[in-house]
Amino acid sequence: TVPGGPENAGALGSEHAHAGILVSIFGDEFAFSAPSYQIKSSWIHFEGRDGTTIHKHATGVTLGYLFETLSLGLDDQCFVFQDGRSFCTNEDYKLSFYVNGEQLPDIRDLEIQEDDKILIVYGGETPEEIDALLLKLENRELIK
């Protein structure tokens, strides 16, 4: 373990992978481009005022760790903003995760690979609306 780094991470610089992410809460896209979400960790971060490309700089770094460094709560049921507002799966709305178009129950342990596309959706989207978000994510260029 590297001091100050995530638990199972390799050396800083042992990898440089990029993944696209889109977080949609009730149809509004979450802006990771805000200063409070930029370069919070050397291991995995958003940079250059961009909020759509995740940069990972070591092996063994998970998406769960990224959200921890951003002070955002994320588990398989809830997405929690820095101000404490939470969006949790309930009878009416659902928190869903898609990686490269495939729905997953949880993404905290996911280690991104080059060109992965990650969609986090909270709301009551129809399958068609999910497809439209996946297409938007797929067509967006990664910032490298």
# chains A, B, ... in the order shown; residues from 1 in each chain; ligands from 1
>>> residues_around(residues="Glu125 (chain A)", least_positions_apart="4", cutoff="9 Å", atoms="only C-alpha atoms", output="ChimeraX atom specification")
/A:26-27,93-94,121,129-130
>>> residues_around(residues="Val99 (chain A)", least_positions_apart="6", cutoff="12 Å", atoms="only C-alpha atoms", output="list in words")
Ala19, Gly20, Ile21, Leu22, Leu63, Pro105, Asp106, Ile107, Arg108, Leu110, Glu111, Ile112, Gln113, Asp115, Asp116, Lys117, Ile118, Leu119, Ile120, Val121, Leu134, Leu137 and Glu138 of chain A
>>> select_by_dssp(residues="region 1-139 of chain A", states="strand (DSSP E)", output="VMD selection string")
chain A and resid 17 to 25 28 to 29 44 to 45 53 to 56 73 to 74 78 to 80 86 to 88 94 to 99 102 to 104 116 to 123
>>> select_by_dssp(residues="region 3-129 of chain A", states="helix (DSSP H, G or I)", output="PDB file with N, CA and C atoms, in the first residue's frame")
ATOM      1  N   PRO A  35     -15.188  23.146  -9.208  1.00  0.00           N
ATOM      2  CA  PRO A  35     -13.873  23.086  -8.543  1.00  0.00           C
ATOM      3  C   PRO A  35     -13.817  22.093  -7.380  1.00  0.00           C
ATOM      4  N   SER A  36     -14.917  21.927  -6.670  1.00  0.00           N
ATOM      5  CA  SER A  36     -14.904  21.029  -5.506  1.00  0.00           C
ATOM      6  C   SER A  36     -14.744  19.554  -5.886  1.00  0.00           C
ATOM      7  N   TYR A  37     -14.788  19.242  -7.184  1.00  0.00           N
ATOM      8  CA  TYR A  37     -14.623  17.847  -7.617  1.00  0.00           C
ATOM      9  C   TYR A  37     -13.360  17.637  -8.448  1.00  0.00           C
ATOM     10  N   LEU A  63     -13.904   2.731  -8.233  1.00  0.00           N
ATOM     11  CA  LEU A  63     -14.830   3.865  -8.317  1.00  0.00           C
ATOM     12  C   LEU A  63     -15.311   4.271  -6.929  1.00  0.00           C
ATOM     13  N   GLY A  64     -15.434   3.308  -6.030  1.00  0.00           N
ATOM     14  CA  GLY A  64     -15.832   3.641  -4.653  1.00  0.00           C
ATOM     15  C   GLY A  64     -14.863   4.633  -4.039  1.00  0.00           C
ATOM     16  N   TYR A  65     -13.572   4.416  -4.308  1.00  0.00           N
ATOM     17  CA  TYR A  65     -12.544   5.326  -3.780  1.00  0.00           C
ATOM     18  C   TYR A  65     -12.691   6.718  -4.393  1.00  0.00           C
ATOM     19  N   LEU A  66     -12.964   6.777  -5.690  1.00  0.00           N
ATOM     20  CA  LEU A  66     -13.176   8.077  -6.346  1.00  0.00           C
ATOM     21  C   LEU A  66     -14.283   8.854  -5.640  1.00  0.00           C
ATOM     22  N   PHE A  67     -15.415   8.204  -5.393  1.00  0.00           N
ATOM     23  CA  PHE A  67     -16.531   8.906  -4.755  1.00  0.00           C
ATOM     24  C   PHE A  67     -16.191   9.323  -3.331  1.00  0.00           C
ATOM     25  N   GLU A  68     -15.425   8.496  -2.621  1.00  0.00           N
ATOM     26  CA  GLU A  68     -14.970   8.885  -1.276  1.00  0.00           C
ATOM     27  C   GLU A  68     -14.143  10.165  -1.326  1.00  0.00           C
ATOM     28  N   THR A  69     -13.217  10.250  -2.293  1.00  0.00           N
ATOM     29  CA  THR A  69     -12.347  11.433  -2.371  1.00  0.00           C
ATOM     30  C   THR A  69     -13.140  12.685  -2.729  1.00  0.00           C
ATOM     31  N   PRO A 127     -37.015   2.524 -20.215  1.00  0.00           N
ATOM     32  CA  PRO A 127     -35.877   1.906 -20.923  1.00  0.00           C
ATOM     33  C   PRO A 127     -35.382   2.777 -22.088  1.00  0.00           C
ATOM     34  N   GLU A 128     -36.312   3.454 -22.772  1.00  0.00           N
ATOM     35  CA  GLU A 128     -35.930   4.320 -23.892  1.00  0.00           C
ATOM     36  C   GLU A 128     -35.087   5.505 -23.414  1.00  0.00           C
ATOM     37  N   GLU A 129     -35.471   6.077 -22.287  1.00  0.00           N
ATOM     38  CA  GLU A 129     -34.711   7.206 -21.739  1.00  0.00           C
ATOM     39  C   GLU A 129     -33.316   6.752 -21.286  1.00  0.00           C
TER      40      GLU A 129
END
>>> residues_around(residues="Phe46 (chain A)", least_positions_apart="6", cutoff="10 Å", atoms="only C-alpha atoms", output="number ranges by chain")
A: 18, 32-35, 37-40, 52-56, 66, 70, 143
>>> residues_around(residues="Phe87 (chain A)", least_positions_apart="3", cutoff="9 Å", atoms="only C-alpha atoms", output="list in words")
Ile25, Gln77, Cys78, Phe79, Val80, Phe81, Tyr93, Lys94, Leu95, Tyr122 and Gly123 of chain A
>>> closest_residue(among="A:Asp50, A:Leu142, A:Gly124, A:Thr59", to="Glu91 (chain A)", atoms="only C-alpha atoms")
A:Gly124
>>> atom_distance(atom1="CA of Glu102 (chain A)", atom2="CA of Glu141 (chain A)")
19.5 Å
>>> decode(residues="region 19-54 of chain A", atoms="N, CA, C and O atoms", output="PDB file, in the first residue's frame")
ATOM      1  N   ALA A  19     -12.031   6.897 -18.300  1.00  0.00           N
ATOM      2  CA  ALA A  19     -13.390   6.395 -18.470  1.00  0.00           C
ATOM      3  C   ALA A  19     -14.348   7.572 -18.503  1.00  0.00           C
ATOM      4  O   ALA A  19     -14.108   8.596 -17.870  1.00  0.00           O
ATOM      5  N   GLY A  20     -15.407   7.408 -19.258  1.00  0.00           N
ATOM      6  CA  GLY A  20     -16.437   8.440 -19.315  1.00  0.00           C
ATOM      7  C   GLY A  20     -17.496   8.163 -18.267  1.00  0.00           C
ATOM      8  O   GLY A  20     -17.828   7.003 -18.004  1.00  0.00           O
ATOM      9  N   ILE A  21     -18.016   9.222 -17.661  1.00  0.00           N
ATOM     10  CA  ILE A  21     -19.082   9.044 -16.662  1.00  0.00           C
ATOM     11  C   ILE A  21     -20.185  10.064 -16.888  1.00  0.00           C
ATOM     12  O   ILE A  21     -19.932  11.202 -17.292  1.00  0.00           O
ATOM     13  N   LEU A  22     -21.413   9.622 -16.647  1.00  0.00           N
ATOM     14  CA  LEU A  22     -22.556  10.520 -16.685  1.00  0.00           C
ATOM     15  C   LEU A  22     -23.431  10.146 -15.489  1.00  0.00           C
ATOM     16  O   LEU A  22     -23.777   8.976 -15.315  1.00  0.00           O
ATOM     17  N   VAL A  23     -23.716  11.122 -14.655  1.00  0.00           N
ATOM     18  CA  VAL A  23     -24.613  10.907 -13.524  1.00  0.00           C
ATOM     19  C   VAL A  23     -25.852  11.763 -13.764  1.00  0.00           C
ATOM     20  O   VAL A  23     -25.755  12.978 -13.931  1.00  0.00           O
ATOM     21  N   SER A  24     -26.999  11.112 -13.821  1.00  0.00           N
ATOM     22  CA  SER A  24     -28.254  11.808 -14.075  1.00  0.00           C
ATOM     23  C   SER A  24     -29.190  11.615 -12.883  1.00  0.00           C
ATOM     24  O   SER A  24     -29.523  10.493 -12.528  1.00  0.00           O
ATOM     25  N   ILE A  25     -29.558  12.731 -12.242  1.00  0.00           N
ATOM     26  CA  ILE A  25     -30.471  12.692 -11.096  1.00  0.00           C
ATOM     27  C   ILE A  25     -31.764  13.407 -11.510  1.00  0.00           C
ATOM     28  O   ILE A  25     -31.733  14.609 -11.779  1.00  0.00           O
ATOM     29  N   PHE A  26     -32.852  12.649 -11.623  1.00  0.00           N
ATOM     30  CA  PHE A  26     -34.116  13.218 -12.107  1.00  0.00           C
ATOM     31  C   PHE A  26     -33.920  13.975 -13.421  1.00  0.00           C
ATOM     32  O   PHE A  26     -34.497  15.047 -13.631  1.00  0.00           O
ATOM     33  N   GLY A  27     -33.070  13.457 -14.287  1.00  0.00           N
ATOM     34  CA  GLY A  27     -32.883  14.063 -15.603  1.00  0.00           C
ATOM     35  C   GLY A  27     -31.858  15.177 -15.658  1.00  0.00           C
ATOM     36  O   GLY A  27     -31.539  15.681 -16.726  1.00  0.00           O
ATOM     37  N   ASP A  28     -31.344  15.596 -14.500  1.00  0.00           N
ATOM     38  CA  ASP A  28     -30.308  16.640 -14.492  1.00  0.00           C
ATOM     39  C   ASP A  28     -28.939  15.999 -14.404  1.00  0.00           C
ATOM     40  O   ASP A  28     -28.702  15.154 -13.542  1.00  0.00           O
ATOM     41  N   GLU A  29     -28.045  16.440 -15.277  1.00  0.00           N
ATOM     42  CA  GLU A  29     -26.701  15.888 -15.251  1.00  0.00           C
ATOM     43  C   GLU A  29     -25.889  16.519 -14.123  1.00  0.00           C
ATOM     44  O   GLU A  29     -25.917  17.724 -13.921  1.00  0.00           O
ATOM     45  N   PHE A  30     -25.213  15.674 -13.378  1.00  0.00           N
ATOM     46  CA  PHE A  30     -24.400  16.128 -12.252  1.00  0.00           C
ATOM     47  C   PHE A  30     -23.069  16.651 -12.784  1.00  0.00           C
ATOM     48  O   PHE A  30     -22.426  16.010 -13.610  1.00  0.00           O
ATOM     49  N   ALA A  31     -22.651  17.850 -12.303  1.00  0.00           N
ATOM     50  CA  ALA A  31     -21.456  18.499 -12.852  1.00  0.00           C
ATOM     51  C   ALA A  31     -20.214  18.241 -12.001  1.00  0.00           C
ATOM     52  O   ALA A  31     -19.998  18.906 -10.995  1.00  0.00           O
ATOM     53  N   PHE A  32     -19.419  17.263 -12.411  1.00  0.00           N
ATOM     54  CA  PHE A  32     -18.140  17.019 -11.735  1.00  0.00           C
ATOM     55  C   PHE A  32     -17.101  18.068 -12.126  1.00  0.00           C
ATOM     56  O   PHE A  32     -15.978  18.038 -11.652  1.00  0.00           O
ATOM     57  N   SER A  33     -17.485  18.982 -13.027  1.00  0.00           N
ATOM     58  CA  SER A  33     -16.553  20.021 -13.485  1.00  0.00           C
ATOM     59  C   SER A  33     -16.375  21.134 -12.448  1.00  0.00           C
ATOM     60  O   SER A  33     -15.461  21.942 -12.551  1.00  0.00           O
ATOM     61  N   ALA A  34     -17.247  21.159 -11.423  1.00  0.00           N
ATOM     62  CA  ALA A  34     -17.125  22.177 -10.371  1.00  0.00           C
ATOM     63  C   ALA A  34     -15.785  22.022  -9.647  1.00  0.00           C
ATOM     64  O   ALA A  34     -15.292  20.909  -9.488  1.00  0.00           O
ATOM     65  N   PRO A  35     -15.188  23.146  -9.208  1.00  0.00           N
ATOM     66  CA  PRO A  35     -13.873  23.086  -8.543  1.00  0.00           C
ATOM     67  C   PRO A  35     -13.817  22.093  -7.380  1.00  0.00           C
ATOM     68  O   PRO A  35     -12.790  21.463  -7.160  1.00  0.00           O
ATOM     69  N   SER A  36     -14.917  21.927  -6.670  1.00  0.00           N
ATOM     70  CA  SER A  36     -14.904  21.029  -5.506  1.00  0.00           C
ATOM     71  C   SER A  36     -14.744  19.554  -5.886  1.00  0.00           C
ATOM     72  O   SER A  36     -14.568  18.712  -5.010  1.00  0.00           O
ATOM     73  N   TYR A  37     -14.788  19.242  -7.184  1.00  0.00           N
ATOM     74  CA  TYR A  37     -14.623  17.847  -7.617  1.00  0.00           C
ATOM     75  C   TYR A  37     -13.360  17.637  -8.448  1.00  0.00           C
ATOM     76  O   TYR A  37     -13.145  16.573  -8.998  1.00  0.00           O
ATOM     77  N   GLN A  38     -12.529  18.649  -8.567  1.00  0.00           N
ATOM     78  CA  GLN A  38     -11.344  18.562  -9.427  1.00  0.00           C
ATOM     79  C   GLN A  38     -10.094  18.136  -8.642  1.00  0.00           C
ATOM     80  O   GLN A  38      -9.779  18.707  -7.604  1.00  0.00           O
ATOM     81  N   ILE A  39      -9.393  17.148  -9.176  1.00  0.00           N
ATOM     82  CA  ILE A  39      -8.120  16.645  -8.617  1.00  0.00           C
ATOM     83  C   ILE A  39      -8.123  16.575  -7.084  1.00  0.00           C
ATOM     84  O   ILE A  39      -7.348  17.221  -6.417  1.00  0.00           O
ATOM     85  N   LYS A  40      -9.018  15.751  -6.548  1.00  0.00           N
ATOM     86  CA  LYS A  40      -9.080  15.564  -5.097  1.00  0.00           C
ATOM     87  C   LYS A  40      -8.143  14.443  -4.650  1.00  0.00           C
ATOM     88  O   LYS A  40      -7.896  14.260  -3.472  1.00  0.00           O
ATOM     89  N   SER A  41      -7.639  13.676  -5.603  1.00  0.00           N
ATOM     90  CA  SER A  41      -6.715  12.587  -5.303  1.00  0.00           C
ATOM     91  C   SER A  41      -5.781  12.428  -6.486  1.00  0.00           C
ATOM     92  O   SER A  41      -6.187  12.615  -7.620  1.00  0.00           O
ATOM     93  N   SER A  42      -4.523  12.116  -6.216  1.00  0.00           N
ATOM     94  CA  SER A  42      -3.579  11.893  -7.318  1.00  0.00           C
ATOM     95  C   SER A  42      -3.857  10.567  -8.019  1.00  0.00           C
ATOM     96  O   SER A  42      -3.473  10.368  -9.161  1.00  0.00           O
ATOM     97  N   TRP A  43      -4.528   9.646  -7.327  1.00  0.00           N
ATOM     98  CA  TRP A  43      -4.726   8.311  -7.862  1.00  0.00           C
ATOM     99  C   TRP A  43      -5.838   8.246  -8.903  1.00  0.00           C
ATOM    100  O   TRP A  43      -5.742   7.537  -9.882  1.00  0.00           O
ATOM    101  N   ILE A  44      -6.932   8.946  -8.637  1.00  0.00           N
ATOM    102  CA  ILE A  44      -8.081   8.921  -9.550  1.00  0.00           C
ATOM    103  C   ILE A  44      -8.826  10.240  -9.402  1.00  0.00           C
ATOM    104  O   ILE A  44      -9.060  10.700  -8.288  1.00  0.00           O
ATOM    105  N   HIS A  45      -9.134  10.884 -10.549  1.00  0.00           N
ATOM    106  CA  HIS A  45      -9.728  12.213 -10.432  1.00  0.00           C
ATOM    107  C   HIS A  45     -10.313  12.731 -11.736  1.00  0.00           C
ATOM    108  O   HIS A  45     -10.159  12.122 -12.792  1.00  0.00           O
ATOM    109  N   PHE A  46     -10.963  13.868 -11.616  1.00  0.00           N
ATOM    110  CA  PHE A  46     -11.354  14.691 -12.762  1.00  0.00           C
ATOM    111  C   PHE A  46     -10.333  15.805 -12.830  1.00  0.00           C
ATOM    112  O   PHE A  46      -9.831  16.256 -11.805  1.00  0.00           O
ATOM    113  N   GLU A  47     -10.027  16.277 -14.038  1.00  0.00           N
ATOM    114  CA  GLU A  47      -9.032  17.348 -14.137  1.00  0.00           C
ATOM    115  C   GLU A  47      -9.356  18.298 -15.289  1.00  0.00           C
ATOM    116  O   GLU A  47     -10.204  18.020 -16.126  1.00  0.00           O
ATOM    117  N   GLY A  48      -8.659  19.431 -15.308  1.00  0.00           N
ATOM    118  CA  GLY A  48      -8.796  20.397 -16.397  1.00  0.00           C
ATOM    119  C   GLY A  48     -10.187  20.984 -16.528  1.00  0.00           C
ATOM    120  O   GLY A  48     -10.648  21.261 -17.631  1.00  0.00           O
ATOM    121  N   ARG A  49     -10.866  21.141 -15.395  1.00  0.00           N
ATOM    122  CA  ARG A  49     -12.229  21.701 -15.365  1.00  0.00           C
ATOM    123  C   ARG A  49     -13.224  20.857 -16.161  1.00  0.00           C
ATOM    124  O   ARG A  49     -14.301  21.310 -16.524  1.00  0.00           O
ATOM    125  N   ASP A  50     -12.838  19.609 -16.470  1.00  0.00           N
ATOM    126  CA  ASP A  50     -13.729  18.706 -17.186  1.00  0.00           C
ATOM    127  C   ASP A  50     -14.428  17.821 -16.160  1.00  0.00           C
ATOM    128  O   ASP A  50     -13.820  17.409 -15.184  1.00  0.00           O
ATOM    129  N   GLY A  51     -15.688  17.535 -16.390  1.00  0.00           N
ATOM    130  CA  GLY A  51     -16.409  16.701 -15.444  1.00  0.00           C
ATOM    131  C   GLY A  51     -16.942  15.421 -16.045  1.00  0.00           C
ATOM    132  O   GLY A  51     -17.834  14.799 -15.483  1.00  0.00           O
ATOM    133  N   THR A  52     -16.412  15.025 -17.205  1.00  0.00           N
ATOM    134  CA  THR A  52     -16.973  13.846 -17.866  1.00  0.00           C
ATOM    135  C   THR A  52     -15.972  12.703 -18.032  1.00  0.00           C
ATOM    136  O   THR A  52     -16.362  11.585 -18.329  1.00  0.00           O
ATOM    137  N   THR A  53     -14.688  12.968 -17.847  1.00  0.00           N
ATOM    138  CA  THR A  53     -13.673  11.928 -17.995  1.00  0.00           C
ATOM    139  C   THR A  53     -12.971  11.684 -16.665  1.00  0.00           C
ATOM    140  O   THR A  53     -12.430  12.606 -16.065  1.00  0.00           O
ATOM    141  N   ILE A  54     -12.996  10.425 -16.232  1.00  0.00           N
ATOM    142  CA  ILE A  54     -12.263  10.025 -15.027  1.00  0.00           C
ATOM    143  C   ILE A  54     -10.851   9.644 -15.457  1.00  0.00           C
ATOM    144  O   ILE A  54     -10.675   8.921 -16.440  1.00  0.00           O
TER     145      ILE A  54
END
